[in-house]
$ cat structure.cif   # mmCIF, C-alpha atoms and all ligand atoms
data_entry
#
loop_
_atom_site.label_atom_id
_atom_site.label_comp_id
_atom_site.auth_asym_id
_atom_site.auth_seq_id
_atom_site.Cartn_x
_atom_site.Cartn_y
_atom_site.Cartn_z
CA MET R 1 -7.36 -17.58 -22.34
CA ILE R 2 -6.66 -14.00 -21.24
CA ARG R 3 -4.67 -13.52 -24.45
CA THR R 4 -7.47 -14.70 -26.75
CA MET R 5 -9.85 -12.41 -25.00
CA SER R 6 -7.55 -9.43 -25.31
CA LYS R 7 -7.65 -9.65 -29.13
CA SER R 8 -11.38 -9.22 -29.17
CA LEU R 9 -11.07 -6.41 -26.67
CA LYS R 10 -8.63 -4.61 -28.95
CA PHE R 11 -11.23 -4.69 -31.69
CA LEU R 12 -13.92 -3.49 -29.34
CA SER R 13 -11.88 -0.58 -28.10
CA MET R 14 -11.23 0.62 -31.68
CA ALA R 15 -14.95 0.62 -32.28
CA GLY R 16 -15.30 2.44 -28.98
CA LEU R 17 -13.07 5.31 -30.04
CA VAL R 18 -15.40 6.09 -32.94
CA SER R 19 -18.43 6.33 -30.70
CA VAL R 20 -16.53 8.45 -28.16
CA ALA R 21 -15.68 10.96 -30.86
CA MET R 22 -19.26 11.13 -32.01
CA ALA R 23 -21.12 11.06 -28.75
CA ALA R 24 -18.98 11.94 -25.69
CA GLN R 25 -21.90 10.88 -23.52
CA ALA R 26 -21.95 10.12 -19.86
CA GLY R 27 -21.21 6.49 -19.11
CA GLU R 28 -20.76 4.00 -16.34
CA VAL R 29 -17.51 3.27 -14.53
CA GLU R 30 -17.17 0.08 -12.60
CA VAL R 31 -14.27 0.39 -10.19
CA LEU R 32 -12.68 -2.50 -8.32
CA HIS R 33 -11.02 -1.65 -5.00
CA TRP R 34 -10.69 -3.00 -1.47
CA TRP R 35 -11.29 0.18 0.47
CA THR R 36 -13.92 -0.91 2.95
CA SER R 37 -12.60 0.27 6.35
CA GLY R 38 -13.83 3.59 7.84
CA GLY R 39 -11.06 5.85 6.51
CA GLU R 40 -10.72 3.95 3.23
CA ALA R 41 -14.43 4.10 2.47
CA LYS R 42 -14.53 7.84 3.09
CA ALA R 43 -11.65 8.31 0.67
CA ALA R 44 -13.25 6.08 -1.99
CA ALA R 45 -16.51 8.03 -1.68
CA GLU R 46 -14.67 11.14 -2.89
CA LEU R 47 -13.87 9.44 -6.17
CA LYS R 48 -17.46 8.38 -6.59
CA LYS R 49 -18.63 11.95 -5.90
CA ILE R 50 -16.32 13.46 -8.48
CA MET R 51 -17.44 10.99 -11.17
CA GLN R 52 -21.10 11.54 -10.39
CA SER R 53 -20.57 15.31 -10.61
CA LYS R 54 -19.42 14.72 -14.20
CA GLY R 55 -22.69 12.93 -14.90
CA HIS R 56 -21.26 9.39 -14.90
CA THR R 57 -22.68 6.41 -13.07
CA TRP R 58 -20.42 4.85 -10.43
CA LYS R 59 -20.64 1.11 -10.08
CA ASP R 60 -18.88 0.14 -6.88
CA PHE R 61 -16.96 -3.11 -7.04
CA ALA R 62 -15.55 -3.35 -3.51
CA VAL R 63 -13.97 -6.61 -2.42
CA ALA R 64 -13.11 -6.52 1.30
CA GLY R 65 -9.74 -7.75 2.50
CA GLY R 66 -6.67 -5.75 3.51
CA ALA R 67 -3.90 -5.28 0.94
CA GLY R 68 -6.20 -6.56 -1.79
CA ASP R 69 -5.47 -10.30 -1.83
CA ASN R 70 -9.18 -11.15 -2.23
CA ALA R 71 -9.73 -8.33 -4.71
CA MET R 72 -6.97 -9.63 -7.00
CA THR R 73 -8.46 -13.13 -7.04
CA VAL R 74 -11.87 -11.77 -8.03
CA LEU R 75 -10.32 -9.50 -10.66
CA LYS R 76 -8.55 -12.41 -12.34
CA SER R 77 -11.77 -14.36 -12.73
CA ARG R 78 -13.61 -11.32 -14.13
CA VAL R 79 -10.91 -10.62 -16.72
CA VAL R 80 -10.60 -14.26 -17.70
CA SER R 81 -14.34 -14.42 -18.30
CA GLY R 82 -14.04 -11.42 -20.65
CA ASN R 83 -15.83 -8.97 -18.39
CA PRO R 84 -13.26 -6.63 -16.82
CA PRO R 85 -14.25 -3.58 -14.77
CA ALA R 86 -13.35 -0.13 -16.16
CA ALA R 87 -10.66 0.29 -13.55
CA ALA R 88 -9.06 -1.75 -10.82
CA GLN R 89 -6.72 -0.92 -7.98
CA ILE R 90 -3.54 -2.50 -9.33
CA LYS R 91 -0.17 -1.45 -8.07
CA GLY R 92 3.55 -1.58 -8.75
CA PRO R 93 5.11 -4.36 -10.86
CA SER R 94 1.69 -6.03 -11.12
CA ILE R 95 0.77 -3.34 -13.64
CA GLN R 96 3.44 -4.87 -15.89
CA GLU R 97 2.00 -8.35 -15.37
CA TRP R 98 -1.44 -7.15 -16.49
CA GLY R 99 0.17 -5.22 -19.35
CA ASP R 100 1.73 -8.49 -20.55
CA GLU R 101 -1.80 -9.92 -20.81
CA GLY R 102 -2.70 -7.25 -23.35
CA VAL R 103 -5.87 -6.19 -21.52
CA LEU R 104 -4.98 -2.67 -20.36
CA ALA R 105 -6.20 0.54 -22.02
CA ASN R 106 -3.86 3.20 -23.36
CA LEU R 107 -4.28 6.47 -21.46
CA ASN R 108 -1.67 8.51 -23.36
CA ASP R 109 -4.18 11.03 -24.73
CA VAL R 110 -5.44 11.97 -21.24
CA ALA R 111 -1.89 11.89 -19.86
CA LYS R 112 -0.66 14.20 -22.61
CA ALA R 113 -3.55 16.65 -22.29
CA GLU R 114 -3.12 16.77 -18.51
CA GLN R 115 0.72 16.76 -18.62
CA TRP R 116 1.23 13.74 -16.39
CA ASP R 117 4.91 13.54 -17.35
CA THR R 118 5.40 16.99 -15.81
CA VAL R 119 3.17 16.74 -12.74
CA LEU R 120 4.28 13.28 -11.56
CA PRO R 121 7.65 12.35 -10.02
CA LYS R 122 9.49 10.15 -12.53
CA VAL R 123 9.65 7.25 -10.04
CA VAL R 124 5.84 7.29 -9.94
CA ALA R 125 5.23 7.91 -13.66
CA ASP R 126 7.45 4.96 -14.65
CA VAL R 127 5.32 2.54 -12.61
CA MET R 128 2.15 3.78 -14.36
CA LYS R 129 3.50 2.99 -17.84
CA TYR R 130 3.61 -0.25 -19.75
CA LYS R 131 6.14 -0.22 -22.61
CA GLY R 132 6.23 3.58 -22.39
CA ASN R 133 2.44 4.07 -22.52
CA TYR R 134 0.34 5.20 -19.57
CA VAL R 135 -2.05 2.43 -18.51
CA ALA R 136 -2.70 3.48 -14.90
CA ALA R 137 -3.24 6.62 -12.83
CA PRO R 138 -1.84 7.07 -9.29
CA VAL R 139 -4.02 8.35 -6.45
CA ASN R 140 -1.46 8.69 -3.68
CA VAL R 141 1.79 7.85 -2.00
CA HIS R 142 1.45 5.88 1.22
CA ARG R 143 4.38 5.63 3.61
CA VAL R 144 4.52 2.16 5.13
CA ASN R 145 7.28 2.49 7.78
CA TRP R 146 5.26 4.16 10.50
CA LEU R 147 4.66 3.40 14.15
CA TRP R 148 1.25 4.49 15.49
CA VAL R 149 1.16 5.28 19.17
CA ASN R 150 -1.46 6.04 21.81
CA PRO R 151 0.49 8.59 23.89
CA GLU R 152 -1.91 8.44 26.84
CA VAL R 153 -1.37 4.69 27.20
CA LEU R 154 2.41 5.07 27.01
CA LYS R 155 2.35 7.87 29.57
CA LYS R 156 0.37 5.81 32.06
CA ALA R 157 2.87 2.97 31.68
CA GLY R 158 5.82 5.34 32.13
CA ALA R 159 7.06 4.40 28.66
CA LYS R 160 8.41 6.59 25.87
CA VAL R 161 7.90 6.60 22.12
CA PRO R 162 10.68 4.34 20.79
CA THR R 163 13.12 5.47 18.12
CA ASN R 164 15.07 2.22 17.76
CA TRP R 165 14.42 -1.47 18.39
CA ASN R 166 16.06 -1.57 21.83
CA GLU R 167 13.79 1.24 22.95
CA PHE R 168 10.85 -0.52 21.35
CA PHE R 169 11.34 -3.61 23.52
CA ASP R 170 11.78 -1.45 26.60
CA THR R 171 8.46 0.31 25.88
CA ALA R 172 6.77 -3.00 25.08
CA GLU R 173 7.87 -4.46 28.45
CA LYS R 174 6.49 -1.47 30.32
CA LEU R 175 3.18 -1.64 28.47
CA GLN R 176 2.87 -5.33 29.19
CA LYS R 177 3.50 -4.73 32.90
CA ALA R 178 0.82 -2.02 32.83
CA GLY R 179 -1.67 -4.59 31.51
CA VAL R 180 -2.20 -3.34 27.95
CA VAL R 181 -1.37 -5.06 24.70
CA PRO R 182 1.99 -3.56 23.65
CA LEU R 183 1.65 -4.20 19.91
CA ALA R 184 -1.68 -4.32 18.08
CA HIS R 185 -1.32 -6.83 15.25
CA GLY R 186 -3.51 -8.76 12.89
CA GLY R 187 -2.08 -12.17 12.02
CA GLN R 188 -2.59 -12.11 8.26
CA ALA R 189 0.30 -12.80 5.87
CA TRP R 190 0.44 -9.24 4.50
CA GLN R 191 0.42 -7.73 8.01
CA ASP R 192 3.15 -10.12 9.15
CA ALA R 193 5.15 -8.95 6.14
CA THR R 194 4.47 -5.28 6.88
CA VAL R 195 5.94 -5.64 10.37
CA PHE R 196 8.85 -7.79 9.16
CA GLU R 197 9.69 -5.20 6.50
CA ALA R 198 9.93 -2.50 9.18
CA VAL R 199 12.20 -4.63 11.38
CA ALA R 200 14.46 -5.46 8.42
CA LEU R 201 14.78 -1.81 7.44
CA GLY R 202 15.30 -0.64 11.00
CA LEU R 203 18.05 -3.15 11.78
CA GLY R 204 19.59 -3.58 8.36
CA GLY R 205 19.38 -0.07 6.88
CA THR R 206 18.63 1.02 3.35
CA ASP R 207 21.43 -0.81 1.49
CA PHE R 208 20.59 -4.10 3.16
CA TYR R 209 16.91 -3.55 2.35
CA LYS R 210 17.64 -2.82 -1.32
CA LYS R 211 19.94 -5.81 -1.74
CA ALA R 212 17.56 -8.19 0.01
CA PHE R 213 14.15 -7.14 -1.26
CA VAL R 214 14.71 -5.18 -4.46
CA GLN R 215 17.67 -7.06 -5.92
CA LEU R 216 16.75 -10.34 -4.21
CA ASP R 217 20.45 -10.93 -3.66
CA GLN R 218 20.92 -14.46 -2.32
CA ALA R 219 24.01 -13.63 -0.23
CA THR R 220 22.13 -10.85 1.58
CA LEU R 221 19.04 -12.99 2.04
CA LYS R 222 21.18 -15.69 3.63
CA SER R 223 23.37 -13.32 5.66
CA PRO R 224 23.80 -13.31 9.46
CA LYS R 225 22.08 -9.91 9.36
CA MET R 226 18.93 -11.53 8.00
CA GLU R 227 19.08 -14.10 10.78
CA GLU R 228 19.33 -11.28 13.31
CA VAL R 229 16.35 -9.53 11.70
CA LEU R 230 14.27 -12.70 11.92
CA THR R 231 15.23 -13.30 15.55
CA THR R 232 14.24 -9.75 16.50
CA TYR R 233 11.02 -10.02 14.49
CA LYS R 234 10.03 -13.18 16.36
CA LYS R 235 10.68 -11.44 19.69
CA LEU R 236 7.72 -9.16 18.89
CA LYS R 237 5.34 -12.05 19.22
CA LYS R 238 5.56 -11.94 22.99
CA TYR R 239 3.94 -8.50 22.87
CA VAL R 240 1.01 -9.40 20.61
CA ASP R 241 -2.26 -10.68 22.10
CA LYS R 242 -3.49 -14.22 21.54
CA ASN R 243 -6.51 -13.07 19.51
CA SER R 244 -4.36 -11.61 16.77
CA PRO R 245 -4.56 -14.50 14.22
CA GLY R 246 -6.79 -13.46 11.33
CA ARG R 247 -7.59 -10.03 12.76
CA ASP R 248 -8.15 -7.26 10.19
CA TRP R 249 -5.67 -4.39 10.28
CA ASN R 250 -8.31 -1.75 11.03
CA LEU R 251 -9.43 -3.71 14.10
CA ALA R 252 -5.82 -3.67 15.28
CA THR R 253 -5.80 0.11 14.73
CA ALA R 254 -9.03 0.33 16.73
CA MET R 255 -7.23 -1.28 19.68
CA VAL R 256 -4.74 1.61 19.68
CA ILE R 257 -7.54 4.15 19.22
CA GLN R 258 -9.43 2.70 22.21
CA GLY R 259 -6.36 2.47 24.42
CA LYS R 260 -6.44 -1.33 24.54
CA ALA R 261 -3.05 -1.42 22.85
CA GLY R 262 -0.12 0.98 22.87
CA MET R 263 1.35 0.74 19.37
CA GLN R 264 0.85 -0.56 15.83
CA ILE R 265 3.32 -0.88 12.96
CA MET R 266 1.33 -0.07 9.84
CA GLY R 267 1.25 2.14 6.74
CA ASP R 268 -0.49 5.48 6.93
CA TRP R 269 -3.86 4.15 5.83
CA ALA R 270 -4.03 3.60 9.62
CA LYS R 271 -4.15 7.38 10.00
CA GLY R 272 -7.40 7.33 8.02
CA GLU R 273 -8.89 5.20 10.82
CA PHE R 274 -7.75 7.57 13.57
CA LEU R 275 -9.17 10.53 11.66
CA ALA R 276 -12.46 8.76 10.89
CA ALA R 277 -12.75 8.20 14.67
CA ASN R 278 -12.26 11.99 15.14
CA LYS R 279 -8.87 11.55 16.77
CA VAL R 280 -6.39 14.41 16.59
CA PRO R 281 -2.80 13.76 15.45
CA GLY R 282 -0.16 14.87 17.96
CA LYS R 283 -2.74 14.77 20.75
CA ASP R 284 -4.80 11.54 20.66
CA PHE R 285 -2.30 9.65 18.56
CA VAL R 286 1.29 9.99 17.45
CA CYS R 287 2.84 9.01 14.12
CA THR R 288 6.55 8.38 14.15
CA PRO R 289 8.84 6.45 11.79
CA ALA R 290 9.05 2.75 12.68
CA PRO R 291 12.05 2.17 15.00
CA GLY R 292 15.38 2.88 13.33
CA THR R 293 13.85 3.96 10.00
CA SER R 294 13.65 7.75 10.23
CA ASN R 295 16.08 8.20 7.32
CA ALA R 296 14.04 5.96 5.02
CA PHE R 297 10.63 5.95 3.37
CA THR R 298 9.05 2.72 2.18
CA PHE R 299 6.55 3.83 -0.41
CA ASN R 300 3.31 2.21 -1.50
CA ILE R 301 1.53 3.89 -4.40
CA ASP R 302 -2.13 3.11 -4.97
CA SER R 303 -3.12 3.35 -8.59
CA PHE R 304 -5.95 2.42 -10.89
CA ALA R 305 -5.12 0.50 -14.01
CA MET R 306 -7.75 0.80 -16.74
CA PHE R 307 -9.03 -2.07 -18.85
CA LYS R 308 -9.81 -1.88 -22.56
CA LEU R 309 -13.46 -0.94 -22.99
CA SER R 310 -15.64 0.47 -25.72
CA GLY R 311 -18.25 3.19 -26.24
CA ASP R 312 -19.45 5.53 -23.52
CA SER R 313 -17.76 3.43 -20.87
CA ALA R 314 -14.40 4.17 -22.47
CA LYS R 315 -15.15 7.89 -22.37
CA ALA R 316 -16.21 7.69 -18.72
CA GLN R 317 -13.01 5.75 -18.04
CA LYS R 318 -10.87 8.55 -19.47
CA ASP R 319 -12.77 11.05 -17.34
CA LEU R 320 -11.99 8.84 -14.35
CA ALA R 321 -8.28 8.93 -15.20
CA ALA R 322 -8.38 12.73 -15.51
CA ALA R 323 -10.39 13.07 -12.26
CA ILE R 324 -7.92 10.92 -10.33
CA MET R 325 -5.05 13.17 -11.34
CA SER R 326 -6.85 16.47 -10.66
CA PRO R 327 -5.36 18.55 -7.81
CA GLN R 328 -8.82 18.83 -6.26
CA PHE R 329 -9.23 15.06 -6.02
CA GLN R 330 -5.64 14.38 -4.95
CA GLU R 331 -6.12 16.74 -2.02
CA VAL R 332 -9.50 15.59 -0.69
CA PHE R 333 -8.84 11.89 -1.27
CA ASN R 334 -5.52 11.93 0.57
CA LEU R 335 -6.83 14.01 3.47
CA ASN R 336 -9.13 11.05 4.14
CA LYS R 337 -6.84 8.19 3.12
CA GLY R 338 -3.86 9.11 5.31
CA SER R 339 -1.49 9.27 2.35
CA ILE R 340 -0.03 12.22 0.42
CA PRO R 341 -0.79 13.25 -3.17
CA ALA R 342 1.14 11.52 -5.94
CA ARG R 343 1.07 14.78 -7.89
CA LEU R 344 4.01 17.15 -7.40
CA ASN R 345 3.84 20.72 -6.08
CA MET R 346 0.59 20.29 -4.21
CA ASP R 347 -0.26 22.73 -1.44
CA MET R 348 0.03 20.74 1.83
CA ALA R 349 -1.57 23.45 4.00
CA LYS R 350 -4.65 21.40 4.81
CA PHE R 351 -2.62 18.30 5.75
CA ASP R 352 -1.76 17.46 9.36
CA ASP R 353 1.77 17.08 10.70
CA CYS R 354 1.97 13.38 9.75
CA GLY R 355 1.10 14.28 6.14
CA LYS R 356 3.53 17.19 6.12
CA GLN R 357 6.33 15.02 7.52
CA SER R 358 5.60 12.34 4.97
CA SER R 359 5.74 14.84 2.14
CA LYS R 360 9.02 16.32 3.41
CA ASP R 361 10.58 12.89 3.95
CA PHE R 362 9.46 11.70 0.51
CA VAL R 363 11.41 14.52 -1.13
CA ALA R 364 14.41 14.17 1.21
CA THR R 365 14.71 10.40 0.82
CA SER R 366 14.30 10.61 -2.95
CA LYS R 367 17.55 12.60 -2.90
CA SER R 368 19.39 10.62 -0.19
CA GLY R 369 18.66 7.13 -1.55
CA GLY R 370 16.34 6.30 1.36
CA LEU R 371 13.23 6.12 -0.81
CA LEU R 372 12.45 2.41 -1.08
CA PRO R 373 9.63 0.39 -2.60
CA SER R 374 7.56 -1.46 0.01
CA TRP R 375 7.86 -5.10 -1.01
CA ALA R 376 5.10 -6.11 1.43
CA HIS R 377 2.74 -3.84 -0.55
CA GLY R 378 3.53 -5.00 -4.03
CA MET R 379 6.05 -2.32 -4.99
CA ALA R 380 9.24 -4.31 -5.41
CA MET R 381 8.64 -7.80 -6.79
CA TYR R 382 6.36 -9.75 -9.03
CA SER R 383 3.35 -11.10 -7.20
CA ALA R 384 4.45 -14.77 -7.20
CA THR R 385 7.79 -13.94 -5.57
CA GLN R 386 6.17 -11.64 -3.04
CA GLY R 387 3.56 -14.27 -2.17
CA ALA R 388 6.22 -16.95 -1.62
CA ILE R 389 8.37 -14.74 0.64
CA GLN R 390 5.31 -13.59 2.54
CA ASP R 391 4.27 -17.19 3.16
CA ALA R 392 7.73 -18.09 4.47
CA ILE R 393 7.65 -15.16 6.90
CA SER R 394 4.15 -15.99 8.16
CA GLN R 395 5.12 -19.61 8.61
CA PHE R 396 8.08 -18.53 10.73
CA TRP R 397 5.88 -16.16 12.76
CA ASN R 398 3.34 -18.91 13.41
CA THR R 399 5.65 -21.88 13.97
CA ASP R 400 7.36 -21.80 17.33
CA SER R 401 9.65 -24.71 16.52
CA MET R 402 11.07 -23.06 13.40
CA THR R 403 14.54 -21.50 13.81
CA ALA R 404 15.68 -18.23 12.29
CA LYS R 405 18.23 -20.21 10.25
CA GLN R 406 15.47 -22.41 8.79
CA ALA R 407 13.46 -19.27 7.99
CA VAL R 408 16.45 -17.70 6.24
CA ASP R 409 16.72 -20.74 3.96
CA LYS R 410 13.00 -20.70 3.21
CA ILE R 411 13.01 -16.98 2.39
CA ALA R 412 16.07 -17.33 0.15
CA ALA R 413 14.38 -20.19 -1.74
CA ALA R 414 11.12 -18.22 -1.99
CA ALA R 415 13.01 -15.30 -3.54
CA LYS R 416 13.74 -17.53 -6.57
CA VAL R 417 10.04 -18.13 -7.28
CA ARG R 418 8.81 -16.31 -10.43
C1 LIG A 501 -2.52 -1.41 1.00
C2 LIG A 501 -3.15 -0.38 0.11
C3 LIG A 501 -3.75 0.69 0.94
C4 LIG A 501 -4.64 0.11 2.02
C5 LIG A 501 -4.05 -1.12 2.70
C6 LIG A 501 -5.02 -1.88 3.58
O1 LIG A 501 -1.88 -2.38 0.24
O2 LIG A 501 -2.17 0.18 -0.71
O3 LIG A 501 -4.45 1.59 0.12
O4 LIG A 501 -5.85 -0.15 1.48
O5 LIG A 501 -3.52 -2.01 1.79
O6 LIG A 501 -6.03 -2.48 2.86
#

$ encode --input "structure.cif" --output "structure tokens"
Amino acid sequence: MIRTMSKSLKFLSMAGLVSVAMAAQAGEVEVLHWWTSGGEAKAAAELKKIMQSKGHTWKDFAVAGGAGDNAMTVLKSRVVSGNPPAAAQIKGPSIQEWGDEGVLANLNDVAKAEQWDTVLPKVVADVMKYKGNYVAAPVNVHRVNWLWVNPEVLKKAGAKVPTNWNEFFDTAEKLQKAGVVPLAHGGQAWQDATVFEAVALGLGGTDFYKKAFVQLDQATLKSPKMEEVLTTYKKLKKYVDKNSPGRDWNLATAMVIQGKAGMQIMGDWAKGEFLAANKVPGKDFVCTPAPGTSNAFTFNIDSFAMFKLSGDSAKAQKDLAAAIMSPQFQEVFNLNKGSIPARLNMDMAKFDDCGKQSSKDFVATSKSGGLLPSWAHGMAMYSATQGAIQDAISQFWNTDSMTAKQAVDKIAAAAKVR
């Protein structure tokens, strides 16, 4: 059904090009995203502002739900019914899946005029292209392997910021004795996967991570190392409060902000929450690489893929693509979002120390081999494989009777799902 629809869209977009050339009028952009938390919403508002300043109408299509699971379900039904938005937050290998459906717009003219091939790192540019043509524009680079800490809470408990997993458990014990929740966590499949990913990287290292989650190598997935990772991961549960099932990630961050919890393992969209609550990095909160992962950087690039449209909407859509890539937008958006610009050679002066460290580590790890796609955030696998592995991990987290060995077998089987 998507394929039939795409043929008619192709026709429509050709007609659209004619009217763009003749009119170049302001149009409407409908943009699907899932940025509804405090920091996220502030960042999204910057995109709206920039489009309105160009005279376009912004139609907000926000679908709440961390990591976009709900948003993707809604998007599928809109596209299948022949009514796609102008742009949707689509990331990583999923861009290729949508490209295969024949519904994405070609952005090469904007990309050429604005020199995207020069201003983007190749690793980022490649993800934005389908069969060599630009179909999406990146807004940022999030680092996922962070630990967020309330230093005041740790101090009171006589605990220190952990740099490896042994230290983490030591700190967690002390926090528990002091009567605070050691680890703020929301029991949702994507959050379970985010924490698991950090444990796997911290204990297994970069080569193990690549073999297991990028190459989906069966021997690595079934290795004793993976069993050890799962056992350690499950040990974290003791330090999570009983209200965690179903909790949204930003509410878990709020626990750290309010001093109800000591730590959270989360990508740097969490920083957006601290900043939106007027908290100061280095003073009210600390960002540090997740235990044992300081030499690695799990990246998560948010991007907007554009759908084939016609007429003034198509023109507005190209303006959106150009706006997203402008240095002005990349700065202000990322100051709010917690991430760093996707564009190269940006001035980082206005960014805080977490942002500066992220930027430095992004460059360093891209040279050392420590720059890794975050599989929990859709950067490494097709969505069906990711979903199956994520489910296996959540099942293990939630089922006390399940052994690490059983989980290993489930994960290895899930890795074969396409
Ligand atoms: C990530 C996304 C981030 C942030 C987070 C929580 O997958 O890349 O931009 O929104 O989910 O929703």

$ residues_near_ligand --input "structure.cif" --ligand "ligand LIG 501 (chain A)" --cutoff "7 Å" --atoms "all atoms listed in the file" --output "compact mmCIF listing (two decimals) with C-alpha atoms, in the coordinates of the input"
# COMPACT_ATOMS: atom_id res chain seq x y z
CA TRP R 34 -10.69 -3.00 -1.47
CA TRP R 35 -11.29 0.18 0.47
CA GLU R 40 -10.72 3.95 3.23
CA GLY R 65 -9.74 -7.75 2.50
CA GLY R 66 -6.67 -5.75 3.51
CA ALA R 67 -3.90 -5.28 0.94
CA GLY R 68 -6.20 -6.56 -1.79
CA TRP R 269 -3.86 4.15 5.83
CA ASN R 300 3.31 2.21 -1.50
CA ILE R 301 1.53 3.89 -4.40
CA ASP R 302 -2.13 3.11 -4.97
CA HIS R 377 2.74 -3.84 -0.55

$ residues_near_point --input "structure.cif" --point "(2.8, 7.3, -21.8)" --cutoff "9 Å" --atoms "only C-alpha atoms" --output "CSV table (one decimal) with C-alpha atoms, in the frame of the given file"
chain,number,residue,atom,x,y,z
R,106,ASN,CA,-3.9,3.2,-23.4
R,107,LEU,CA,-4.3,6.5,-21.5
R,108,ASN,CA,-1.7,8.5,-23.4
R,109,ASP,CA,-4.2,11.0,-24.7
R,111,ALA,CA,-1.9,11.9,-19.9
R,112,LYS,CA,-0.7,14.2,-22.6
R,116,TRP,CA,1.2,13.7,-16.4
R,117,ASP,CA,4.9,13.5,-17.4
R,125,ALA,CA,5.2,7.9,-13.7
R,126,ASP,CA,7.4,5.0,-14.6
R,128,MET,CA,2.2,3.8,-14.4
R,129,LYS,CA,3.5,3.0,-17.8
R,130,TYR,CA,3.6,-0.2,-19.8
R,131,LYS,CA,6.1,-0.2,-22.6
R,132,GLY,CA,6.2,3.6,-22.4
R,133,ASN,CA,2.4,4.1,-22.5
R,134,TYR,CA,0.3,5.2,-19.6
R,135,VAL,CA,-2.0,2.4,-18.5

$ closest_residue --input "structure.cif" --among "R:Ala380, R:Ala407, R:Ala388, R:Val256" --to "Gln215 (chain R)" --atoms "only C-alpha atoms"
R:Ala380

$ closest_residue --input "structure.cif" --among "R:Val139, R:Leu154, R:Leu104, R:Gly292" --to "Thr206 (chain R)" --atoms "all atoms listed in the file"
R:Gly292

$ residues_near_point --input "structure.cif" --point "(4.2, -7.5, 1.4)" --cutoff "9 Å" --atoms "only C-alpha atoms" --output "list in words"
Ala67, Ala189, Trp190, Gln191, Asp192, Ala193, Thr194, Glu197, Ser374, Trp375, Ala376, His377, Gly378, Met379, Gln386, Gly387, Ile389 and Gln390 of chain R

$ closest_residue --input "structure.cif" --among "R:Thr403, R:Gln264, R:Thr365, R:Ser53" --to "Val181 (chain R)" --atoms "all atoms listed in the file"
R:Gln264

$ closest_residue --input "structure.cif" --among "R:Ala254, R:Lys42, R:Met306, R:Ser81" --to "Asp319 (chain R)" --atoms "all atoms listed in the file"
R:Met306

$ atom_distance --input "structure.cif" --atom1 "CA of Val74 (chain R)" --atom2 "CA of Val195 (chain R)"
26.3 Å

$ closest_residue --input "structure.cif" --among "R:Asp268, R:Asp284, R:Glu114, R:Glu227" --to "Phe396 (chain R)" --atoms "all atoms listed in the file"
R:Glu227

$ closest_atom_pairs --input "structure.cif" --of "region 69-179 of chain R" --to "region 183-186 of chain R" --cutoff "12 Å" --atoms "only C-alpha atoms" --output "CSV"
residue,atom,partner,partner_atom,distance
R:Leu147,CA,R:Leu183,CA,10.0
R:Trp148,CA,R:Ala184,CA,9.6
R:Val149,CA,R:Leu183,CA,9.5
R:Asn150,CA,R:Leu183,CA,10.9
R:Val153,CA,R:Leu183,CA,11.9
R:Leu154,CA,R:Leu183,CA,11.7
R:Phe168,CA,R:Leu183,CA,10.0
R:Phe169,CA,R:Leu183,CA,10.4
R:Thr171,CA,R:Leu183,CA,10.1
R:Ala172,CA,R:Leu183,CA,7.4
R:Glu173,CA,R:Leu183,CA,10.6
R:Lys174,CA,R:Leu183,CA,11.8
R:Leu175,CA,R:Leu183,CA,9.1
R:Gln176,CA,R:Leu183,CA,9.4

$ closest_residue --input "structure.cif" --among "R:Gln330, R:Ser366, R:Gln258, R:Thr298" --to "Arg343 (chain R)" --atoms "only C-alpha atoms"
R:Gln330

$ atom_distance --input "structure.cif" --atom1 "CA of Ser313 (chain R)" --atom2 "CA of Pro85 (chain R)"
9.9 Å

$ residues_around --input "structure.cif" --residues "Ser244 (chain R)" --least-positions-apart "2" --cutoff "9 Å" --atoms "all atoms listed in the file" --output "list in words"
Ala184, His185, Gly186, Gly187, Gln188, Val240, Asp241, Lys242, Gly246, Arg247, Asp248 and Ala252 of chain R

$ residues_around --input "structure.cif" --residues "Lys356 (chain R)" --least-positions-apart "6" --cutoff "9 Å" --atoms "only C-alpha atoms" --output "PyMOL selection string"
chain R and resi 340+348-349

$ residues_around --input "structure.cif" --residues "Asn250 (chain R)" --least-positions-apart "3" --cutoff "8 Å" --atoms "all atoms listed in the file" --output "short mmCIF file (atom, residue, chain, number, x, y, z; two decimals) with C-alpha atoms, in the frame of the given file"
data_model
loop_
_atom_site.label_atom_id
_atom_site.label_comp_id
_atom_site.auth_asym_id
_atom_site.auth_seq_id
_atom_site.Cartn_x
_atom_site.Cartn_y
_atom_site.Cartn_z
CA SER R 37 -12.60 0.27 6.35
CA THR R 253 -5.80 0.11 14.73
CA ALA R 254 -9.03 0.33 16.73
CA ALA R 270 -4.03 3.60 9.62
CA GLU R 273 -8.89 5.20 10.82
#
